[in-house]
Amino acid sequence: MKKILVFDTTLRDGEQSPGVALNVHEKLEIARQLARLNVDIIEAGFPIASPGDAEAVKAVAREIKGPAICALARAKEKDIEVAWESIRYAETPIIHTFIATSDIHLKHKLRLSREQALEQAVWAVKKAKSFTPYVEFSAEDATRSSWEYLAQVYSAVIEAGATTINIPDTVGYITPLEMKELIEYLLKNVKGIEKTTISVHCHNDLGLAVANSLLAIQGGATQVECTINGIGERAGNAALEEIVMALHVRGEFFQAQTDINYQEIYRTSRLVSQLTGMLVQPNKAVVGDNAFAHESGIHQDGVLKERLTYEIMDARLIGRQEKVLVLGKHSGRHAFAKKLEELGYHLSEEELNKAFARFKQLADQKKHITEADLETIVSEEITKQEEIYQLDFVHVCSGNNILPTATVRLKAADGQTLEGVATGVGPVDAAYKAISKMLGISPDLVNFTLQSISGGTEALGEVLVRIFGDEKVYVGRGSSQDVVVASVMAYLSAINKMAQEKKLNPQKDYQES
Ligand SMILES: CC(=O)SCCNC(=O)CCNC(=O)[C@H](O)C(C)(C)COP(=O)(O)OP(=O)(O)OC[C@H]1O[C@@H](n2cnc3c(N)ncnc32)[C@H](O)[C@@H]1OP(=O)(O)O
Ligand SMILES: CC(C)C(=O)C(=O)O
Ligand SMILES: [Mg+2]
């Protein structure tokens with residue numbers, strides 16, 4: 001298998017993401033993690049950009065052992081000198097110098113002829129080489145440059161001492177097959193290329209950065225430049241984790257591997273996201289929240305029987321939690337039962353069917369079903385006492401400048417329907433009064449608590465009440481996404497307990513008393 005060098009440029013091109021600026025401590029923290037990840041090269045910054053960046057690159061170069069440390073410099077004397085000063089204490093210091101080679105850049109940006117740019121490139125490589133044996137040269141905007149001219153430039157810089165030639169797709173323009181052809185062309189037409197590292201640096205403007213990097217490897221590239229989470233200028237750079245895992249999962253096909261410590265991938269992604277403030281989209285390959293989450297019943301059933309049915313990599317390999325079964329409206333009975341088992345519930349077939357039906361109702365209304373929701377469903381459905389009174393409906397009118405009024409209808413176990421209307425200080429008070437009135441009872445409400453079981457405005461509200469009647473306290477519990485309904489259910493559950501305890505029809509009993 002061919003070894004591919006991983007050149008991480010999170011701290012340089014990644015930091016060029018709009019809105020991102022890392023201080024010395026943050027750069028050092030990321031660099032330490034990149035070393036644990038075992039990247040081959042860390043491009044720590046662009047020292048001429050600011051004194052702070054020069055200081056950060058210097059700190060990384062002094063502390064980090066293992067990966068080579070690289071600093072970027074334009075093809076300018078001062079840039080190269082400052083770059084060298086910043087990395088000179090690294091174990092393996094690389095100066096990365098660049099100049100654009102496309103006619104668009106030469107004409108409009110640099111205002112140089114092709115000959116002048118070639119001369120400046122050679123001069124810059126020689127200058128860098130006077131400081132360190134390790135020099136990388138990039139022909140910026142290579143993929144929009146004349147291939148013939150590119151071959152000339154790369155041949156000349158190799159002769160001048162470049163040890164790595166980098167082919168940047170600066171504006172994310174090239175397509176995968178063209179990239180492979182370009183590398184094959186350079187392999188045939190650049191003098192001395194066999195003794196250099198052939199690197200690619202792909203941007204993601206058309207979403208092709210990873211594909212282009214992989215096809216470059218197929219064409220003969222031996223180094224990929226990439227960033228954690230694919231952050232970088234505009235639409236970003238090729239994502240390190242995606243390239244590395246593609247080579248791992250499809251190693252047989254690519255016949256290429258990296259030395260990355262897979263276990264550190266997820267941790268690195270989280271750290272970079274936290275320190276840069278660049279959030280990772282949930283469906284991002286490898287490191288996104290949903291990358292190993294299964295919501296639909298058929299998939300959940302498949303992975304429960306055999307993970308390989310719907311997963312091409314094991315989340316644990318990259319330091320993540322094992323596959324996640326997300327319960328939602330598309331989930332099936334297998335996943336539901338498994339989740340309940342994990343929570344410690346062992347339900348009979350009938351109990352499971354009841355709880356599952358309740359779960360599906362809730363899932364239709366709520367995007368995320370949490371463990372707390374499940375616990376509530378189970379405790380309500382399974383540990384429910386016999387219901388002497390069932391809530392048929394509750395309707396309330398409330399608001400400011402209105403007298404809160406509730407209409408409640410109950411169905412009694414003996415088939416009767418009872419209905420009552422009352423006003424109160426609020427909708428719950430009105431509903432409780434309506435129930436008390438229709439049943440002819442007046443238990444004291446000793447305690448009432450309402451809490452949201454899960455976050456968000458769609459959350460289940462859980463109500464716990466304690467009522468005092470017949471010289472005893474009864475506890476009732478109810479939950480619903482509607483807090484008034486939850487309150488009424490809790491009250492009724494306490495009243496049902498009171499009725500059961502007496503082993504009498506409470507309505508009759510109370511009405512007589
Ligand atoms: C494709 C890439 O990612 S390249 C890296 C991009 N990264 C950055 O630019 C981040 C850091 N940059 C900076 O802090 C600043 O731009 C600096 C310090 C590099 C330069 O700042 P300034 O001197 O104020 O110049 P400014 O940025 O406005 O313009 C760039 C100058 O560099 C020149 N230049 C651009 N690339 C190169 C190069 N590779 N070699 C030599 N000169 C170059 C431009 O032609 C322009 O020169 P001019 O002033 O003679 O017209
Ligand atoms: C400096 C070079 C390598 C670069 O970032 C680019 O061309 O995208
Ligand atoms: Mg770039």
# chains A, B, ... in the order shown; residues from 1 in each chain; ligands from 1

call {"tool": "closest_atom_pairs", "arguments": {"of": "chain A", "to": "ligand 2", "cutoff": "6 Å", "atoms": "only C-alpha atoms and all ligand atoms", "output": "tab-separated table"}}
result
residue	atom	partner	partner_atom_place_in_ligand_line	distance
A:Asp13	CA	ligand 2	5 (O)	5.9
A:Ser138	CA	ligand 2	3 (C)	5.5
A:Glu140	CA	ligand 2	7 (O)	4.4
A:Asp141	CA	ligand 2	7 (O)	5.7
A:Pro168	CA	ligand 2	7 (O)	4.7
A:Thr170	CA	ligand 2	8 (O)	3.7

call {"tool": "closest_atom_pairs", "arguments": {"of": "chain A", "to": "ligand 3", "cutoff": "8 Å", "atoms": "only C-alpha atoms and all ligand atoms", "output": "CSV"}}
result
residue,atom,partner,partner_atom_place_in_ligand_line,distance
A:Asp13,CA,ligand 3,1 (Mg),5.5
A:Pro168,CA,ligand 3,1 (Mg),6.9
A:Asp169,CA,ligand 3,1 (Mg),7.7
A:Thr170,CA,ligand 3,1 (Mg),5.4
A:His201,CA,ligand 3,1 (Mg),6.5
A:Cys202,CA,ligand 3,1 (Mg),7.1
A:His203,CA,ligand 3,1 (Mg),6.5
A:Gly232,CA,ligand 3,1 (Mg),7.3
A:Glu233,CA,ligand 3,1 (Mg),6.7
A:Asn237,CA,ligand 3,1 (Mg),6.8

call {"tool": "select_by_dssp", "arguments": {"residues": "segment 131-367 of chain A", "states": "alpha helix (DSSP H)", "output": "PyMOL selection string"}}
result
chain A and resi 147-160+176-189+209-219+240-249+251-254+265-276+297-305+333-342+349-365

call {"tool": "residues_around", "arguments": {"residues": "His330 of chain A", "least_positions_apart": "5", "cutoff": "8 Å", "atoms": "only C-alpha atoms", "output": "count of residues only"}}
result
3

call {"tool": "residues_near_ligand", "arguments": {"ligand": "ligand 1", "cutoff": "8 Å", "atoms": "only C-alpha atoms and all ligand atoms", "output": "list in words"}}
result
Arg12, Asp13, Gln16, Phe46, Ile48, Ala49, Ser50, Leu72, Ala73, Arg74, Ala75, Lys76, Thr97, Phe98, Ile99, Ala100, Lys109, Leu110, Arg111, Glu140, Asp141, Thr170 and Glu233 of chain A

call {"tool": "write_last_selection", "arguments": {"atoms": "N, CA and C atoms", "output": "mmCIF file, in the first residue's frame"}}
result
data_model
loop_
_atom_site.group_PDB
_atom_site.id
_atom_site.type_symbol
_atom_site.label_atom_id
_atom_site.label_comp_id
_atom_site.auth_asym_id
_atom_site.auth_seq_id
_atom_site.Cartn_x
_atom_site.Cartn_y
_atom_site.Cartn_z
ATOM 1 N N ARG A 12 -3.732 27.167 9.228
ATOM 2 C CA ARG A 12 -3.409 28.217 8.262
ATOM 3 C C ARG A 12 -4.604 28.459 7.329
ATOM 4 N N ASP A 13 -4.885 27.546 6.400
ATOM 5 C CA ASP A 13 -6.017 27.772 5.489
ATOM 6 C C ASP A 13 -7.332 27.675 6.262
ATOM 7 N N GLN A 16 -8.247 30.760 7.736
ATOM 8 C CA GLN A 16 -8.701 31.771 6.774
ATOM 9 C C GLN A 16 -10.219 31.739 6.569
ATOM 10 N N PHE A 46 0.743 31.678 8.811
ATOM 11 C CA PHE A 46 1.318 32.529 7.763
ATOM 12 C C PHE A 46 2.014 33.654 8.541
ATOM 13 N N ILE A 48 3.996 36.134 8.300
ATOM 14 C CA ILE A 48 4.068 37.553 7.925
ATOM 15 C C ILE A 48 2.709 38.246 8.145
ATOM 16 N N ALA A 49 1.657 37.449 8.274
ATOM 17 C CA ALA A 49 0.301 38.020 8.375
ATOM 18 C C ALA A 49 0.155 38.920 9.597
ATOM 19 N N SER A 50 0.744 38.523 10.724
ATOM 20 C CA SER A 50 0.629 39.357 11.924
ATOM 21 C C SER A 50 1.651 38.894 12.954
ATOM 22 N N LEU A 72 3.806 29.320 5.976
ATOM 23 C CA LEU A 72 3.575 29.811 4.610
ATOM 24 C C LEU A 72 4.279 31.151 4.391
ATOM 25 N N ALA A 73 4.751 31.359 3.174
ATOM 26 C CA ALA A 73 5.409 32.622 2.826
ATOM 27 C C ALA A 73 5.157 32.915 1.348
ATOM 28 N N ARG A 74 4.809 34.175 1.037
ATOM 29 C CA ARG A 74 4.769 34.544 -0.383
ATOM 30 C C ARG A 74 6.195 34.473 -0.939
ATOM 31 N N ALA A 75 6.308 34.590 -2.241
ATOM 32 C CA ALA A 75 7.637 34.560 -2.848
ATOM 33 C C ALA A 75 8.291 35.926 -2.646
ATOM 34 N N LYS A 76 8.493 36.267 -1.398
ATOM 35 C CA LYS A 76 9.035 37.577 -1.029
ATOM 36 C C LYS A 76 10.056 37.379 0.082
ATOM 37 N N THR A 97 6.535 28.085 0.216
ATOM 38 C CA THR A 97 6.440 29.342 -0.510
ATOM 39 C C THR A 97 5.582 29.138 -1.757
ATOM 40 N N PHE A 98 4.949 30.223 -2.201
ATOM 41 C CA PHE A 98 4.014 30.066 -3.327
ATOM 42 C C PHE A 98 3.980 31.315 -4.189
ATOM 43 N N ILE A 99 3.580 31.084 -5.442
ATOM 44 C CA ILE A 99 3.256 32.212 -6.325
ATOM 45 C C ILE A 99 2.234 31.701 -7.346
ATOM 46 N N ALA A 100 1.348 32.581 -7.762
ATOM 47 C CA ALA A 100 0.297 32.141 -8.682
ATOM 48 C C ALA A 100 0.861 31.947 -10.090
ATOM 49 N N LYS A 109 -3.634 40.201 -10.758
ATOM 50 C CA LYS A 109 -3.237 40.325 -9.347
ATOM 51 C C LYS A 109 -1.756 40.668 -9.216
ATOM 52 N N LEU A 110 -0.919 39.821 -9.815
ATOM 53 C CA LEU A 110 0.526 40.027 -9.617
ATOM 54 C C LEU A 110 1.117 41.009 -10.625
ATOM 55 N N ARG A 111 0.445 41.143 -11.755
ATOM 56 C CA ARG A 111 0.930 41.994 -12.864
ATOM 57 C C ARG A 111 2.343 41.594 -13.250
ATOM 58 N N GLU A 140 0.080 28.664 -7.079
ATOM 59 C CA GLU A 140 -1.298 29.014 -6.734
ATOM 60 C C GLU A 140 -2.164 29.052 -7.991
ATOM 61 N N ASP A 141 -3.401 28.608 -7.863
ATOM 62 C CA ASP A 141 -4.358 28.533 -8.985
ATOM 63 C C ASP A 141 -3.841 27.610 -10.101
ATOM 64 N N THR A 170 -6.970 26.133 -6.135
ATOM 65 C CA THR A 170 -7.213 27.279 -5.253
ATOM 66 C C THR A 170 -8.667 27.709 -5.194
ATOM 67 N N GLU A 233 -10.904 28.785 3.599
ATOM 68 C CA GLU A 233 -11.341 29.908 2.755
ATOM 69 C C GLU A 233 -12.630 29.550 1.982
#

call {"tool": "residues_around", "arguments": {"residues": "Val6 of chain A", "least_positions_apart": "3", "cutoff": "7 Å", "atoms": "only C-alpha atoms", "output": "PDB file with N, CA and C atoms, in the first residue's frame"}}
result
ATOM      1  N   VAL A  39      -0.890  13.495  12.347  1.00  0.00           N
ATOM      2  CA  VAL A  39      -0.720  14.029  10.990  1.00  0.00           C
ATOM      3  C   VAL A  39       0.774  14.104  10.706  1.00  0.00           C
ATOM      4  N   ASP A  40       1.146  14.128   9.441  1.00  0.00           N
ATOM      5  CA  ASP A  40       2.574  14.164   9.109  1.00  0.00           C
ATOM      6  C   ASP A  40       3.127  15.580   9.172  1.00  0.00           C
ATOM      7  N   ILE A  41       2.307  16.532   8.736  1.00  0.00           N
ATOM      8  CA  ILE A  41       2.770  17.931   8.703  1.00  0.00           C
ATOM      9  C   ILE A  41       1.661  18.839   9.244  1.00  0.00           C
ATOM     10  N   GLN A 223       0.823  13.254  -1.268  1.00  0.00           N
ATOM     11  CA  GLN A 223       0.487  14.071  -0.087  1.00  0.00           C
ATOM     12  C   GLN A 223      -0.855  14.771  -0.333  1.00  0.00           C
ATOM     13  N   VAL A 224      -1.691  14.828   0.715  1.00  0.00           N
ATOM     14  CA  VAL A 224      -2.939  15.604   0.603  1.00  0.00           C
ATOM     15  C   VAL A 224      -2.921  16.715   1.642  1.00  0.00           C
ATOM     16  N   GLU A 225      -3.337  17.900   1.213  1.00  0.00           N
ATOM     17  CA  GLU A 225      -3.468  19.018   2.146  1.00  0.00           C
ATOM     18  C   GLU A 225      -4.947  19.156   2.468  1.00  0.00           C
ATOM     19  N   THR A 258      -3.012   6.128   5.184  1.00  0.00           N
ATOM     20  CA  THR A 258      -2.316   7.188   5.932  1.00  0.00           C
ATOM     21  C   THR A 258      -1.892   6.599   7.281  1.00  0.00           C
TER      22      THR A 258
END

call {"tool": "residues_around", "arguments": {"residues": "segment 64-69 of chain A", "least_positions_apart": "2", "cutoff": "7 Å", "atoms": "only C-alpha atoms", "output": "PyMOL selection string"}}
result
chain A and resi 32+35+39-44+60-62+71+87+90-94

call {"tool": "residues_around", "arguments": {"residues": "Lys27 of chain A", "least_positions_apart": "4", "cutoff": "12 Å", "atoms": "only C-alpha atoms", "output": "number ranges by chain"}}
result
A: 9-12, 14-15, 20-23, 31-34, 42-45, 52-61, 63-64, 271-272, 275-276

call {"tool": "residues_around", "arguments": {"residues": "segment 348-359 of chain A", "least_positions_apart": "5", "cutoff": "8 Å", "atoms": "only C-alpha atoms", "output": "MDAnalysis selection string"}}
result
chainID A and resid 333 336:337 374 377:378 381:382

call {"tool": "atom_distance", "arguments": {"atom1": "atom CA of Ala434 of chain A", "atom2": "atom CA of Leu418 of chain A"}}
result
10.4 Å

call {"tool": "closest_atom_pairs", "arguments": {"of": "segment 371-457 of chain A", "to": "segment 489-498 of chain A", "cutoff": "12 Å", "atoms": "only C-alpha atoms", "output": "Markdown table"}}
result
| residue | atom | partner | partner_atom | distance |
| --- | --- | --- | --- | --- |
| A:Glu380 | CA | A:Ser493 | CA | 10.1 |
| A:Thr383 | CA | A:Ser493 | CA | 11.5 |
| A:Lys384 | CA | A:Ser493 | CA | 8.6 |
| A:Gln385 | CA | A:Lys497 | CA | 7.3 |
| A:Glu386 | CA | A:Asn496 | CA | 7.5 |
| A:Glu387 | CA | A:Asn496 | CA | 6.1 |
| A:Ile388 | CA | A:Asn496 | CA | 5.8 |
| A:Tyr389 | CA | A:Asn496 | CA | 6.6 |
| A:Gln390 | CA | A:Leu492 | CA | 7.6 |
| A:Leu391 | CA | A:Met489 | CA | 7.2 |
| A:Asp392 | CA | A:Met489 | CA | 10.5 |
| A:Phe393 | CA | A:Met489 | CA | 10.6 |
| A:Val394 | CA | A:Met489 | CA | 10.1 |
| A:Val408 | CA | A:Met489 | CA | 11.4 |
| A:Arg409 | CA | A:Leu492 | CA | 11.7 |
| A:Leu410 | CA | A:Leu492 | CA | 9.5 |
| A:Lys411 | CA | A:Leu492 | CA | 11.4 |
| A:Ala412 | CA | A:Asn496 | CA | 10.5 |
| A:Ala413 | CA | A:Asn496 | CA | 10.7 |
| A:Val428 | CA | A:Tyr491 | CA | 10.0 |
| A:Asp429 | CA | A:Tyr491 | CA | 10.9 |
| A:Ala431 | CA | A:Tyr491 | CA | 9.7 |
| A:Tyr432 | CA | A:Tyr491 | CA | 7.4 |
| A:Lys433 | CA | A:Tyr491 | CA | 10.8 |
| A:Ala434 | CA | A:Tyr491 | CA | 11.6 |
| A:Ile435 | CA | A:Leu492 | CA | 8.4 |
| A:Ser436 | CA | A:Ile495 | CA | 9.7 |
| A:Leu439 | CA | A:Ile495 | CA | 10.0 |
| A:Gly440 | CA | A:Ile495 | CA | 12.0 |
| A:Ile441 | CA | A:Ile495 | CA | 9.6 |
| A:Ser442 | CA | A:Ile495 | CA | 10.5 |
| A:Pro443 | CA | A:Ile495 | CA | 8.7 |
| A:Asp444 | CA | A:Tyr491 | CA | 11.1 |
| A:Leu445 | CA | A:Tyr491 | CA | 9.0 |
| A:Val446 | CA | A:Tyr491 | CA | 11.4 |
| A:Asn447 | CA | A:Tyr491 | CA | 10.8 |
| A:Phe448 | CA | A:Ala490 | CA | 9.3 |
| A:Thr449 | CA | A:Ala490 | CA | 10.1 |
| A:Leu450 | CA | A:Ala490 | CA | 10.2 |

call {"tool": "select_by_dssp", "arguments": {"residues": "segment 167-399 of chain A", "states": "strand (DSSP E)", "output": "MDAnalysis selection string"}}
result
chainID A and resid 167:169 197:202 223:226 256:257 293:294 324:325 389:397

call {"tool": "atom_distance", "arguments": {"atom1": "atom CA of Gln416 of chain A", "atom2": "atom CA of Gly476 of chain A"}}
result
22.6 Å

call {"tool": "atom_distance", "arguments": {"atom1": "atom CA of Ala335 of chain A", "atom2": "atom CA of Glu311 of chain A"}}
result
16.2 Å

call {"tool": "closest_residue", "arguments": {"among": "A:Met179, A:Ala363, A:Leu5, A:Ile104", "to": "Leu240 of chain A", "atoms": "only C-alpha atoms"}}
result
A:Leu5

call {"tool": "closest_residue", "arguments": {"among": "A:Ala117, A:Ile165, A:Val326, A:Gly332", "to": "His96 of chain A", "atoms": "only C-alpha atoms"}}
result
A:Ile165

call {"tool": "decode", "arguments": {"residues": "segment 422-475 of chain A", "atoms": "C-alpha atoms", "output": "CSV table (one decimal), in the first residue's frame"}}
result
chain,number,residue,atom,x,y,z
A,422,ALA,CA,-66.6,26.0,36.4
A,423,THR,CA,-64.6,29.2,36.6
A,424,GLY,CA,-61.4,29.7,38.5
A,425,VAL,CA,-58.4,31.9,39.0
A,426,GLY,CA,-56.7,30.2,36.1
A,427,PRO,CA,-57.5,27.4,33.6
A,428,VAL,CA,-56.2,24.6,35.9
A,429,ASP,CA,-58.1,25.9,38.9
A,430,ALA,CA,-61.2,26.1,36.7
A,431,ALA,CA,-60.8,22.6,35.4
A,432,TYR,CA,-60.2,21.2,38.9
A,433,LYS,CA,-63.3,22.9,40.2
A,434,ALA,CA,-65.3,21.6,37.3
A,435,ILE,CA,-64.2,18.0,38.2
A,436,SER,CA,-64.8,18.4,41.9
A,437,LYS,CA,-68.2,19.9,41.3
A,438,MET,CA,-69.4,17.2,38.9
A,439,LEU,CA,-68.1,14.4,41.2
A,440,GLY,CA,-69.4,16.2,44.3
A,441,ILE,CA,-66.1,16.0,46.1
A,442,SER,CA,-63.8,18.5,47.6
A,443,PRO,CA,-60.3,17.1,48.3
A,444,ASP,CA,-57.6,19.5,49.3
A,445,LEU,CA,-54.9,20.1,46.7
A,446,VAL,CA,-51.9,19.8,48.9
A,447,ASN,CA,-49.3,20.1,46.3
A,448,PHE,CA,-49.0,20.8,42.5
A,449,THR,CA,-45.8,20.8,40.5
A,450,LEU,CA,-45.4,21.2,36.8
A,451,GLN,CA,-42.1,20.5,35.0
A,452,SER,CA,-41.1,20.3,31.4
A,453,ILE,CA,-39.7,16.8,30.9
A,454,SER,CA,-37.5,17.7,27.9
A,455,GLY,CA,-36.4,20.9,26.3
A,456,GLY,CA,-38.2,23.1,23.8
A,457,THR,CA,-41.7,24.3,23.5
A,458,GLU,CA,-42.9,21.0,22.2
A,459,ALA,CA,-41.8,19.2,25.4
A,460,LEU,CA,-44.0,17.0,27.4
A,461,GLY,CA,-45.2,18.7,30.6
A,462,GLU,CA,-45.4,16.5,33.6
A,463,VAL,CA,-47.7,17.4,36.5
A,464,LEU,CA,-47.5,15.8,40.0
A,465,VAL,CA,-50.4,16.5,42.4
A,466,ARG,CA,-51.0,15.5,46.0
A,467,ILE,CA,-54.6,15.6,47.2
A,468,PHE,CA,-55.9,15.1,50.6
A,469,GLY,CA,-59.3,13.4,51.0
A,470,ASP,CA,-60.8,10.8,53.3
A,471,GLU,CA,-57.9,11.4,55.7
A,472,LYS,CA,-55.3,10.2,53.3
A,473,VAL,CA,-53.0,11.8,50.7
A,474,TYR,CA,-53.1,10.5,47.1
A,475,VAL,CA,-50.5,11.2,44.5
